[in-house]
Structures are given as structure tokens and as C-alpha cells.
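What follows is a short report on a single structure.
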Amino acid sequence: MSLLIAGNWKMNGLGNQLEDIRAVAECADANPIVDVLMCVPSTLISRAVQSSAGRIAIGGEDCAPDAAGAFTGDISAEMLKDAGASVVLAGHSERRRKYHETDVMVGAKVTAASRAGLGAIICVGETKDQHARGDALSVCAEQIAGSLPQNLEPCSGSAIAYEPLWAIGSGQTPRLDEIAKTLRHIRGCLRTQIGEQEGAMRILYGGSITPDNARGILELPEVGGLLIGGASLRSRDLSAIIRVADEIAGQRSTGLCKAATCEIEQLAAERLVAPSSGLAFDPVARFANGWVSRNVEVGPFSWDDPPIYEGPIQLFRDAAAQAGFSDSELERSLGPVPQFIAHSFSEAAARWLGAEHLRRLEAKAASL
Ligand code: PGA
């Protein structure tokens, strides 16, 4: 999964600020490896979707637990989805504090998001006093246990945002080692709570992010992205952060692809020694499948897609030929494998072959 840069406009934004959404969408377009999401007031969601023309995701900032009914003034997850949102924030500290939202209420909102097919970004974090007492880890653990439904199957875009209350809007941030430690702890809590599904959720950091401090935080391997309040209102600042994130995401995916290539090569080589049946390549398929589902969105591709993954596919063709499989047999029995490989390499390939190429691949995937 790539890095996510998520803006949170809070109760800010009128129609005349949609220009900023357009500017951010253009920046996202030019930096295609990083994922960009703008959480905006409900009144702006459908217009923001139009302004960004599908180039970034648009999210809501809160939702009611019920789908519909006598709740004057509330907005349901279904309504957000209907307006074009794909994600919603849940349990932002301003809602927990100012509107007395408890973990149980946050959990009900997360359930509502999942019912409506929205990803939920669940915010957790400790107060200044709790931080001073050294309680950050236990506070986050408690909030995760209380606000994540047990059998949650996270929709795409779901994440935990670690936002220490004392860092929000204050210009202060925790030390990098503190962020890394807390995020590792949160990952462990997630695993306990929802098992293997945790792999589908990013963990973001939020609180006083600026173009100056974004790089250091994004370089922490534990960090899956940022949730940004104040700086997201200034498209120039947000764009600077998106550019940094894209660069770091590119470095990460290149590293991952290199590791994946080695593993695939090794597995293919192992199979060459004892190819005995049509299932000979199964371990490779399993590996590629698992790797891709952990790291990138999976979509169908055909054998004949552009030469972006010629290397890995050729590896399979050669291995198969030596093992006595014909091309057509390989395609019949291993159809999904090149698809997985194609996708797993598409992020790094964007670095190598240019952003335009990736856009074409993604457009093709979307149209299939
Ligand atoms: P901030 O807000 O970036 O202005 O500190 C973050 C948030 O509230 O999500």
C-alpha cells in the first residue's frame, strides 16, 4: 500500500475554496504514487468530487450511526457515500472532546461506515497529561479496543490515525522515536483486535504537520501516511507535503519490488528443480498473491499489457519452458499469476517508466 496524505478541513471551506481542491488534485496527478484524500464538510463533498475529477479521494468528517431516521441535522454514512465520499473520519478528538463521543459511539460509526461501504479513519491519541504520565500506549490501546468492531472487515481506505491531542493545532509534535513506538504498538493492538485484516489498514500520524516536519515523519517505516488539519487548508503547503510523500513512497515501493523480485526468482528457481505437475508454480502464485494483496490494490491485467513487467513475466515464461510447460498451458493454469505480478510492479514501474504509463494502466484496470 502506498502512503496516504489525508487533509481534514474541519468546519472550514466555502464554494470559493474548491479552487484549492482542484490545485491539490493537480498536484496528486503529477505525483501518482502517493494516495491523496481530502475530508471536507458535507456541504462540499459532491462539489469537491467534481472539482477533483476523480484524481483524489474525497471523504466526510463524521457520520451518524443510523442509516436514516429522525435525527435532525445528522448525516448518515449512506448519505456521504451518495454524495461521492469514499472514506469518513471517525472519533476525531474534537468530536470525542467537544461532543462527548465515547469509544462505543465511535465504534457504532465505524460499523455504519462499513455498512455503507466507506473506509473509516479512526482517530486515537492521548492528552497532554496522559502523555506526561507515559500513558500514550495504554490510552491508544484502550481506544482501539473500544472503537473497533470485533469482526471489522476494513473497507478500502480504512486506517487508524494516531493524533496526540496536545499535538493538534499546537505546533508541537512527539519525537520521531515516540511516534514510531506508538505506531508499532497500535499495529500490535490492531492485530489483536481484527487479526490478519490489520494488514489492510494503514496507520497515519496527525498533529501539527507542516511541509517542514513531514519528511522526517514519513521516513519512519511505521508511518502509512499523514492526517493533516491546518496545513491542508493551504494548497501550496499540502502540495509540498504530497511531493515529499510521493518521493518517499517511490523509494519504498522500489525497495519492495526489488525484494519481491528476489523472492519470486528464488521460488521460480526452486520449482525448476522439481517441476512435477501443473501446480508447480503454485508457491509462486501464492507468494505473488499474498505480496500484492498486502501492498497494492489488486486489479485484473492481461498477458499482453505493455512491457512494464516484461522482466518478471519473462522469468515465468522461461521457467515454465524449462519445466516443460508450453506458453498456452502456462496461461491456462497460471492465468492469475502475471496479473498479480503486473500489479505488484506497477508502482515501481511508475518511477522507471513515467507517471503517464501508470495512469494508462490504471485507466485500463478501471475499465475492465
Ligand atoms: P493539525 O490538525 O494538522 O492542524 O494539527 C490535525 C487534525 O486535527 O486532524
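By order in the C-alpha cells, chains are A, B, ...; within a chain, residues start at 1; ligands start at 1, following the order shown.
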* Compute the set of protein, DNA and RNA residues whose minimum atom distance to ligand 1 is at most 10 Å, using only C-alpha atoms and all ligand atoms, and state it as a PyMOL selection string. => chain A and resi 6-10+39+61+89+92-94+123+161-173+205-210+226-233
Could you save those same residues with N, CA, C and O atoms as a short mmCIF file (atom, residue, chain, number, x, y, z; two decimals), in the first residue's frame?
data_model
loop_
_atom_site.label_atom_id
_atom_site.label_comp_id
_atom_site.auth_asym_id
_atom_site.auth_seq_id
_atom_site.Cartn_x
_atom_site.Cartn_y
_atom_site.Cartn_z
N ALA A 6 -3.81 12.64 3.84
CA ALA A 6 -5.23 12.96 4.03
C ALA A 6 -5.36 14.35 4.65
O ALA A 6 -4.74 14.64 5.67
N GLY A 7 -6.16 15.19 4.02
CA GLY A 7 -6.44 16.51 4.58
C GLY A 7 -7.74 16.46 5.36
O GLY A 7 -8.62 15.65 5.08
N ASN A 8 -7.83 17.30 6.38
CA ASN A 8 -9.06 17.41 7.17
C ASN A 8 -9.37 18.90 7.31
O ASN A 8 -8.71 19.61 8.05
N TRP A 9 -10.39 19.32 6.58
CA TRP A 9 -10.71 20.75 6.57
C TRP A 9 -11.51 21.19 7.79
O TRP A 9 -11.74 22.37 7.99
N LYS A 10 -12.00 20.23 8.58
CA LYS A 10 -12.82 20.57 9.77
C LYS A 10 -13.98 21.46 9.34
O LYS A 10 -14.50 21.28 8.23
N CYS A 39 -10.77 15.23 3.32
CA CYS A 39 -12.00 15.16 4.09
C CYS A 39 -12.52 16.58 4.25
O CYS A 39 -11.82 17.45 4.79
N GLU A 61 -16.24 13.94 7.35
CA GLU A 61 -15.51 14.17 8.61
C GLU A 61 -16.16 13.48 9.80
O GLU A 61 -15.58 13.41 10.88
N LEU A 89 -13.96 10.12 8.49
CA LEU A 89 -13.23 10.13 9.77
C LEU A 89 -14.17 9.65 10.87
O LEU A 89 -15.38 9.94 10.82
N HIS A 92 -12.67 11.64 15.66
CA HIS A 92 -11.66 12.70 15.75
C HIS A 92 -11.72 13.28 17.16
O HIS A 92 -12.79 13.40 17.76
N SER A 93 -10.58 13.67 17.69
CA SER A 93 -10.55 14.09 19.11
C SER A 93 -11.46 15.29 19.36
O SER A 93 -11.98 15.46 20.46
N GLU A 94 -11.66 16.12 18.33
CA GLU A 94 -12.57 17.27 18.54
C GLU A 94 -13.99 16.78 18.77
O GLU A 94 -14.75 17.38 19.54
N CYS A 123 -9.65 7.84 14.67
CA CYS A 123 -8.62 8.66 15.32
C CYS A 123 -8.47 8.28 16.80
O CYS A 123 -9.48 8.11 17.50
N ALA A 161 -5.66 6.74 12.71
CA ALA A 161 -4.83 7.95 12.75
C ALA A 161 -4.43 8.20 14.19
O ALA A 161 -5.30 8.38 15.06
N TYR A 162 -3.12 8.14 14.44
CA TYR A 162 -2.63 8.48 15.78
C TYR A 162 -2.46 9.98 15.85
O TYR A 162 -1.59 10.55 15.17
N GLU A 163 -3.31 10.62 16.62
CA GLU A 163 -3.26 12.08 16.74
C GLU A 163 -3.23 12.47 18.21
O GLU A 163 -4.29 12.56 18.86
N PRO A 164 -2.03 12.67 18.77
CA PRO A 164 -1.97 13.10 20.17
C PRO A 164 -2.72 14.43 20.30
O PRO A 164 -2.50 15.34 19.49
N LEU A 165 -3.61 14.52 21.27
CA LEU A 165 -4.44 15.73 21.39
C LEU A 165 -3.61 16.99 21.55
O LEU A 165 -3.94 18.04 21.01
N TRP A 166 -2.49 16.84 22.27
CA TRP A 166 -1.65 18.01 22.56
C TRP A 166 -0.87 18.46 21.34
O TRP A 166 -0.29 19.55 21.34
N ALA A 167 -0.85 17.62 20.29
CA ALA A 167 -0.11 17.99 19.08
C ALA A 167 -1.03 18.67 18.06
O ALA A 167 -0.55 19.35 17.15
N ILE A 168 -2.34 18.48 18.21
CA ILE A 168 -3.26 19.01 17.20
C ILE A 168 -3.32 20.53 17.27
O ILE A 168 -3.66 21.10 18.32
N GLY A 169 -2.96 21.18 16.20
CA GLY A 169 -3.06 22.63 16.10
C GLY A 169 -2.15 23.39 17.04
O GLY A 169 -2.29 24.60 17.21
N SER A 170 -1.18 22.71 17.66
CA SER A 170 -0.37 23.37 18.69
C SER A 170 1.03 23.73 18.20
O SER A 170 1.77 24.44 18.87
N GLY A 171 1.42 23.20 17.06
CA GLY A 171 2.79 23.41 16.60
C GLY A 171 3.77 22.45 17.26
O GLY A 171 4.96 22.46 16.96
N GLN A 172 3.27 21.59 18.15
CA GLN A 172 4.17 20.61 18.80
C GLN A 172 3.93 19.23 18.21
O GLN A 172 2.78 18.91 17.85
N THR A 173 4.98 18.44 18.14
CA THR A 173 4.80 17.04 17.72
C THR A 173 5.60 16.15 18.66
O THR A 173 6.58 16.61 19.26
N TYR A 205 -0.09 9.27 11.03
CA TYR A 205 0.18 10.20 12.12
C TYR A 205 -0.52 11.51 11.79
O TYR A 205 -0.56 11.94 10.62
N GLY A 206 -1.05 12.19 12.81
CA GLY A 206 -1.63 13.52 12.61
C GLY A 206 -1.35 14.42 13.81
O GLY A 206 -1.28 13.95 14.96
N GLY A 207 -1.21 15.69 13.55
CA GLY A 207 -0.97 16.68 14.61
C GLY A 207 0.16 17.59 14.24
O GLY A 207 1.33 17.18 14.22
N SER A 208 -0.18 18.86 13.87
CA SER A 208 0.82 19.90 13.56
C SER A 208 1.80 19.51 12.46
O SER A 208 2.99 19.83 12.54
N ILE A 209 1.29 18.82 11.46
CA ILE A 209 2.15 18.51 10.30
C ILE A 209 2.31 19.76 9.45
O ILE A 209 1.36 20.49 9.19
N THR A 210 3.55 20.00 9.04
CA THR A 210 3.86 21.13 8.14
C THR A 210 4.78 20.59 7.02
O THR A 210 5.32 19.48 7.15
N LEU A 226 -0.25 10.56 6.54
CA LEU A 226 -0.47 11.68 7.46
C LEU A 226 -1.92 12.15 7.40
O LEU A 226 -2.52 12.14 6.32
N LEU A 227 -2.44 12.58 8.54
CA LEU A 227 -3.75 13.26 8.58
C LEU A 227 -3.45 14.71 8.97
O LEU A 227 -2.86 14.98 10.02
N ILE A 228 -3.85 15.62 8.10
CA ILE A 228 -3.35 17.00 8.21
C ILE A 228 -4.52 17.98 8.31
O ILE A 228 -5.39 18.00 7.43
N GLY A 229 -4.53 18.77 9.37
CA GLY A 229 -5.58 19.77 9.55
C GLY A 229 -5.18 21.09 8.92
O GLY A 229 -5.36 21.32 7.72
N GLY A 230 -4.59 21.98 9.74
CA GLY A 230 -4.29 23.34 9.31
C GLY A 230 -3.59 23.44 7.95
O GLY A 230 -4.03 24.20 7.07
N ALA A 231 -2.53 22.65 7.77
CA ALA A 231 -1.76 22.78 6.52
C ALA A 231 -2.57 22.33 5.31
O ALA A 231 -2.25 22.70 4.17
N SER A 232 -3.64 21.55 5.52
CA SER A 232 -4.43 21.08 4.37
C SER A 232 -5.31 22.19 3.81
O SER A 232 -5.87 22.08 2.74
N LEU A 233 -5.44 23.28 4.58
CA LEU A 233 -6.24 24.41 4.09
C LEU A 233 -5.44 25.29 3.13
O LEU A 233 -5.99 26.17 2.49
#
* To do: For region 186-197 of chain A, work out the shell of residues within 9 Å, counting only C-alpha atoms and skipping chain neighbours fewer than 3 positions away, then give it as a ChimeraX atom specification.
  => /A:137,140-141,144-145,148-154,160,162,181-183,200-201,203,222
Would you export the selected residues with N, CA and C atoms as a short mmCIF file (atom, residue, chain, number, x, y, z; two decimals), in the first residue's frame, please?
data_model
loop_
_atom_site.label_atom_id
_atom_site.label_comp_id
_atom_site.auth_asym_id
_atom_site.auth_seq_id
_atom_site.Cartn_x
_atom_site.Cartn_y
_atom_site.Cartn_z
N LEU A 137 0.66 4.78 25.18
CA LEU A 137 0.40 3.46 24.59
C LEU A 137 -0.89 2.86 25.12
N CYS A 140 -4.04 4.65 23.73
CA CYS A 140 -4.34 4.26 22.33
C CYS A 140 -4.91 2.83 22.30
N ALA A 141 -4.30 1.95 23.08
CA ALA A 141 -4.77 0.56 23.09
C ALA A 141 -6.23 0.49 23.52
N ILE A 144 -8.54 1.84 20.80
CA ILE A 144 -8.69 0.90 19.68
C ILE A 144 -9.59 -0.26 20.09
N ALA A 145 -9.35 -0.78 21.28
CA ALA A 145 -10.19 -1.91 21.75
C ALA A 145 -11.65 -1.48 21.81
N LEU A 148 -13.07 -0.19 17.76
CA LEU A 148 -13.03 -1.01 16.54
C LEU A 148 -13.94 -2.22 16.71
N PRO A 149 -14.95 -2.35 15.88
CA PRO A 149 -15.83 -3.52 15.97
C PRO A 149 -15.00 -4.80 15.82
N GLN A 150 -15.32 -5.82 16.62
CA GLN A 150 -14.51 -7.05 16.66
C GLN A 150 -14.30 -7.69 15.29
N ASN A 151 -15.39 -7.82 14.54
CA ASN A 151 -15.25 -8.55 13.27
C ASN A 151 -15.12 -7.62 12.08
N LEU A 152 -14.54 -6.48 12.33
CA LEU A 152 -14.43 -5.48 11.27
C LEU A 152 -13.69 -6.04 10.05
N GLU A 153 -14.33 -5.90 8.90
CA GLU A 153 -13.62 -6.19 7.64
C GLU A 153 -13.39 -4.83 7.00
N PRO A 154 -12.20 -4.27 7.18
CA PRO A 154 -12.00 -2.89 6.79
C PRO A 154 -12.24 -2.65 5.30
N ILE A 160 -6.05 3.78 10.92
CA ILE A 160 -6.03 4.38 12.26
C ILE A 160 -5.20 5.65 12.13
N TYR A 162 -3.12 8.14 14.44
CA TYR A 162 -2.63 8.48 15.78
C TYR A 162 -2.46 9.98 15.85
N LYS A 181 7.34 4.30 18.07
CA LYS A 181 7.00 3.33 19.12
C LYS A 181 5.47 3.20 19.25
N THR A 182 4.79 4.34 19.24
CA THR A 182 3.34 4.29 19.40
C THR A 182 2.70 3.60 18.20
N LEU A 183 3.19 3.88 17.01
CA LEU A 183 2.60 3.25 15.83
C LEU A 183 2.84 1.73 15.82
N ALA A 200 -4.69 -4.66 6.02
CA ALA A 200 -5.38 -3.80 5.06
C ALA A 200 -5.51 -2.37 5.56
N MET A 201 -5.06 -2.13 6.80
CA MET A 201 -5.24 -0.78 7.37
C MET A 201 -3.91 -0.05 7.52
N ILE A 203 -1.61 2.98 9.19
CA ILE A 203 -1.61 3.77 10.42
C ILE A 203 -0.99 5.12 10.08
N GLU A 222 7.16 2.84 10.02
CA GLU A 222 5.87 2.53 10.66
C GLU A 222 4.74 3.40 10.12
#
* Counting only C-alpha atoms, the residue of A:Val124, A:Asp66, A:Lys98, A:Ala85 that sits nearest Thr111 (chain A) ->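 Smallest separation from Thr111 (chain A) among the options: A:Asp66.
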* Asked: Any idea what's packed within 7 Å of Val88 (chain A), counting only C-alpha atoms, ignoring anything in its chain fewer than 4 positions away? Could you give it as a list in words?
  -> Gly59, Gly60, Glu61, Asp62, Leu118, Gly119, Ala120 and Ile121 of chain A
* Choose the residue, out of A:Ala240, A:Glu219, A:Ser46, A:Ala159, that has the smallest atom-to-atom separation from Leu204 (chain A); count only C-alpha atoms. =>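 Of A:Ala240, A:Glu219, A:Ser46, A:Ala159, the one nearest Leu204 (chain A), counting only C-alpha atoms, is A:Ala159.
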